[in-house]
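*Asks:* Attaching a single structure in structure tokens format; questions to follow.
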Amino acid sequence: MKSIGILGGTFNPIHYGHLRMAQELADDLNFDEVRFIPAASPPHKDTPTICAEHRAAMVRLAIADNPAFTIDERELNRAGASYTIDTLLSLREELGTQRSMTLFMGSDAFTKFNTWHRWEEIIHHCHITLVQRPQTEANELPKILETFLHSHYTENGNDLHDTPAGFVTMRQITALDISSTAIRDTLQQGFSARYLMPDQVIEYIQARQLYLK
């Protein structure tokens, strides 16, 4: 069975930091597919000012030449907050209970993982791979997450293939200090975002005059 990596986010806009992380994790952990899942209404962020259709279109353009990358729009087609647990349950209905699925998560986001909706259920439906984001401070984990990490941690990437869910691992990736926030600021100031994101995405943004003040 194929092993699937899951990269969620607002992708507002998608950039090389997202793409390189997905590629390196796919290579390192031997995933057959990485699904990019844009959030419609992220519960831990403000709702993006750029509509879901534009953000999804930019993802499609960015991943078009990579056969291992796909876009999954189920969160955009679902009403209400884009809760990860709901997405995982929906994926399990589609893929079955035995397919290996691994959720990619920044180590900064993990420090607040216990505030996510029904967070304790998530590990029963997927594995989690934590990645260190550039320029983020090492925040101390709450005790409840320390216990969670110790209970599920593995260094063995094969564990993510041999079972459908239940493990947490950490991986180092190339530190590309690129953020969607910085890109939006760059575009609003009238500067070029070239080499921060694929040219096709830049052309899409320019043609529709996105991210202007």
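The chains in the structure tokens are called A, B, ... from first to last as shown; in each chain the residues are counted from 1, and the ligands are counted from 1 in the order shown.
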In chain A, what's strand (DSSP E) per DSSP? Answer as number ranges by chain?

*Replies:* A: 4-9, 33-38, 69-71, 101-106, 127-131, 168-171

*Asks:* Which residue gives the smallest distance to Ile37 in chain A among A:Thr87, A:Asn66, A:Gln189, A:Asn12, with only C-alpha atoms counted?

*Replies:* A:Thr87

*Asks:* Skip range 16-23 of chain A itself and residues of its chain fewer than 5 positions away, then list as number ranges by chain all residues within 7 Å of it, counting only C-alpha atoms.

*Replies:* A: 34, 173, 176, 178, 196-197

*Asks:* Produce a file of the selected residues containing N, CA and C atoms, as a short mmCIF file (atom, residue, chain, number, x, y, z; two decimals), in the first residue's frame.

*Replies:*
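Written output follows (part09.cif):
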data_model
loop_
_atom_site.label_atom_id
_atom_site.label_comp_id
_atom_site.auth_asym_id
_atom_site.auth_seq_id
_atom_site.Cartn_x
_atom_site.Cartn_y
_atom_site.Cartn_z
N VAL A 34 2.56 12.85 -1.47
CA VAL A 34 2.35 13.91 -0.49
C VAL A 34 1.13 14.70 -0.92
N ILE A 173 15.47 19.26 8.04
CA ILE A 173 15.36 19.57 6.62
C ILE A 173 16.19 20.81 6.32
N LEU A 176 15.21 26.66 4.81
CA LEU A 176 14.87 27.77 3.92
C LEU A 176 14.04 28.77 4.72
N ILE A 178 11.93 31.10 4.56
CA ILE A 178 10.91 31.73 3.71
C ILE A 178 9.58 31.59 4.42
N LEU A 196 11.59 33.00 -4.45
CA LEU A 196 10.95 32.59 -3.20
C LEU A 196 9.84 31.58 -3.45
N MET A 197 9.35 31.56 -4.68
CA MET A 197 8.25 30.69 -5.06
C MET A 197 8.34 30.41 -6.55
#

*Asks:* Could you work out how far CA of Thr154 in chain A lies from CA of Ala39 in chain A, giving the answer in Å with one decimal?

*Replies:*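 The value is 28.4 Å.
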
*Asks:* Quick one: DSSP alpha helix (DSSP H) residues in range 2-212 of chain A, as number ranges by chain?

*Replies:* A: 16-29, 52-63, 84-95, 107-110, 119-122, 143-152, 159-162, 180-188, 199-208

*Asks:* Taking 3 positions as the minimum chain separation for residues in the same chain, which residues sit within 10 Å of Met1 in chain A when counting only C-alpha atoms? Answer as an MDAnalysis selection string.

*Replies:* chainID A and resid 4 32 98:100 161

*Asks:* Mind dumping the selected residues with C-alpha atoms as a short mmCIF file (atom, residue, chain, number, x, y, z; two decimals), in the first residue's frame?

*Replies:*
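Below is the file that was written, out_20.cif:
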data_model
loop_
_atom_site.label_atom_id
_atom_site.label_comp_id
_atom_site.auth_asym_id
_atom_site.auth_seq_id
_atom_site.Cartn_x
_atom_site.Cartn_y
_atom_site.Cartn_z
CA ILE A 4 0.96 9.11 2.23
CA ASP A 32 4.73 7.47 -2.31
CA GLN A 98 -4.63 0.20 6.98
CA ARG A 99 -3.04 2.87 4.77
CA SER A 100 -0.05 4.60 6.38
CA HIS A 161 5.27 2.24 6.91
#

*Asks:* Pick the closest to Ile85 in chain A from A:Leu103, A:Ala26, A:Val201, A:Ala109: which is it, counting only C-alpha atoms?

*Replies:*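 Between A:Leu103, A:Ala26, A:Val201, A:Ala109, the residue approaching Ile85 in chain A most closely is A:Leu103.
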
*Asks:* So which one's closest to Ala182 in chain A, A:Lys2, A:Phe69, A:Pro198, A:Pro13? Using only C-alpha atoms, please.

*Replies:*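 Checking each candidate against Ala182 in chain A, we get A:Pro13 as the closest.
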
*Asks:* What's around Thr186 in chain A at 12 Å? Count only C-alpha atoms, leave out sequence neighbours fewer than 5 positions away in its own chain, and write the answer as a list in words.

*Replies:*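 Listing them by chain and then by number gives Ile178, Ser179, Ser180, Thr181, Phe191, Ser192, Ala193, Arg194, Leu196, Tyr211, Leu212 and Lys213 of chain A.
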
*Asks:* How would the residues just chosen look if you wrote them out with N, CA and C atoms as a compact mmCIF listing (two decimals), in the first residue's frame?

*Replies:*
# COMPACT_ATOMS: atom_id res chain seq x y z
N ILE A 178 11.93 31.10 4.56
CA ILE A 178 10.91 31.73 3.71
C ILE A 178 9.58 31.59 4.42
N SER A 179 8.81 32.67 4.45
CA SER A 179 7.48 32.58 5.06
C SER A 179 6.46 33.27 4.16
N SER A 180 5.24 32.79 4.24
CA SER A 180 4.16 33.41 3.46
C SER A 180 3.94 34.85 3.91
N THR A 181 4.08 35.10 5.22
CA THR A 181 3.91 36.46 5.73
C THR A 181 4.92 37.41 5.11
N PHE A 191 7.89 44.88 -4.27
CA PHE A 191 9.15 44.21 -4.60
C PHE A 191 8.88 42.84 -5.21
N SER A 192 9.92 42.24 -5.78
CA SER A 192 9.79 40.97 -6.46
C SER A 192 9.89 39.80 -5.47
N ALA A 193 9.08 38.78 -5.71
CA ALA A 193 9.14 37.53 -4.93
C ALA A 193 9.86 36.44 -5.71
N ARG A 194 10.57 36.82 -6.73
CA ARG A 194 11.29 35.84 -7.55
C ARG A 194 12.30 35.07 -6.70
N LEU A 196 11.59 33.00 -4.45
CA LEU A 196 10.95 32.59 -3.20
C LEU A 196 9.84 31.58 -3.45
N TYR A 211 -2.51 40.31 -3.20
CA TYR A 211 -1.62 40.77 -2.12
C TYR A 211 -1.19 42.23 -2.26
N LEU A 212 -1.93 42.99 -2.99
CA LEU A 212 -1.64 44.42 -3.06
C LEU A 212 -2.42 45.14 -1.95
N LYS A 213 -1.91 46.28 -1.52
CA LYS A 213 -2.60 47.04 -0.47
C LYS A 213 -3.91 47.59 -1.01

*Asks:* Pick out the closest residue to Gln172 in chain A from this set: A:Leu7, A:Met58, A:Met105, A:Leu130. Count only C-alpha atoms.

*Replies:*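 Checking each of A:Leu7, A:Met58, A:Met105, A:Leu130 against Gln172 in chain A, counting only C-alpha atoms, the winner is A:Leu130.
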
*Asks:* Name the closest residue to Phe148 in chain A among the candidates A:Leu210, A:Ile123, A:Ala165, A:Val131; distances are taken between atoms, counting only C-alpha atoms.

*Replies:*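 Selected residue with least distance to Phe148 in chain A: A:Ile123.
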
*Asks:* Could you name the residues that touch Val168 in chain A at 7 Å or less, counting only C-alpha atoms, but leaving out those on the same chain fewer than 2 positions away, as a list in words?

*Replies:* His127, Ile128, Thr129, Leu149, His152, Tyr153 and Thr154 of chain A

*Asks:* Could you jot down the CA of Glu203 in chain A to CA of Ala40 in chain A separation for me, Å, one decimal place?

*Replies:*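 Atom-to-atom, CA of Glu203 in chain A and CA of Ala40 in chain A are spaced 22.9 Å apart.
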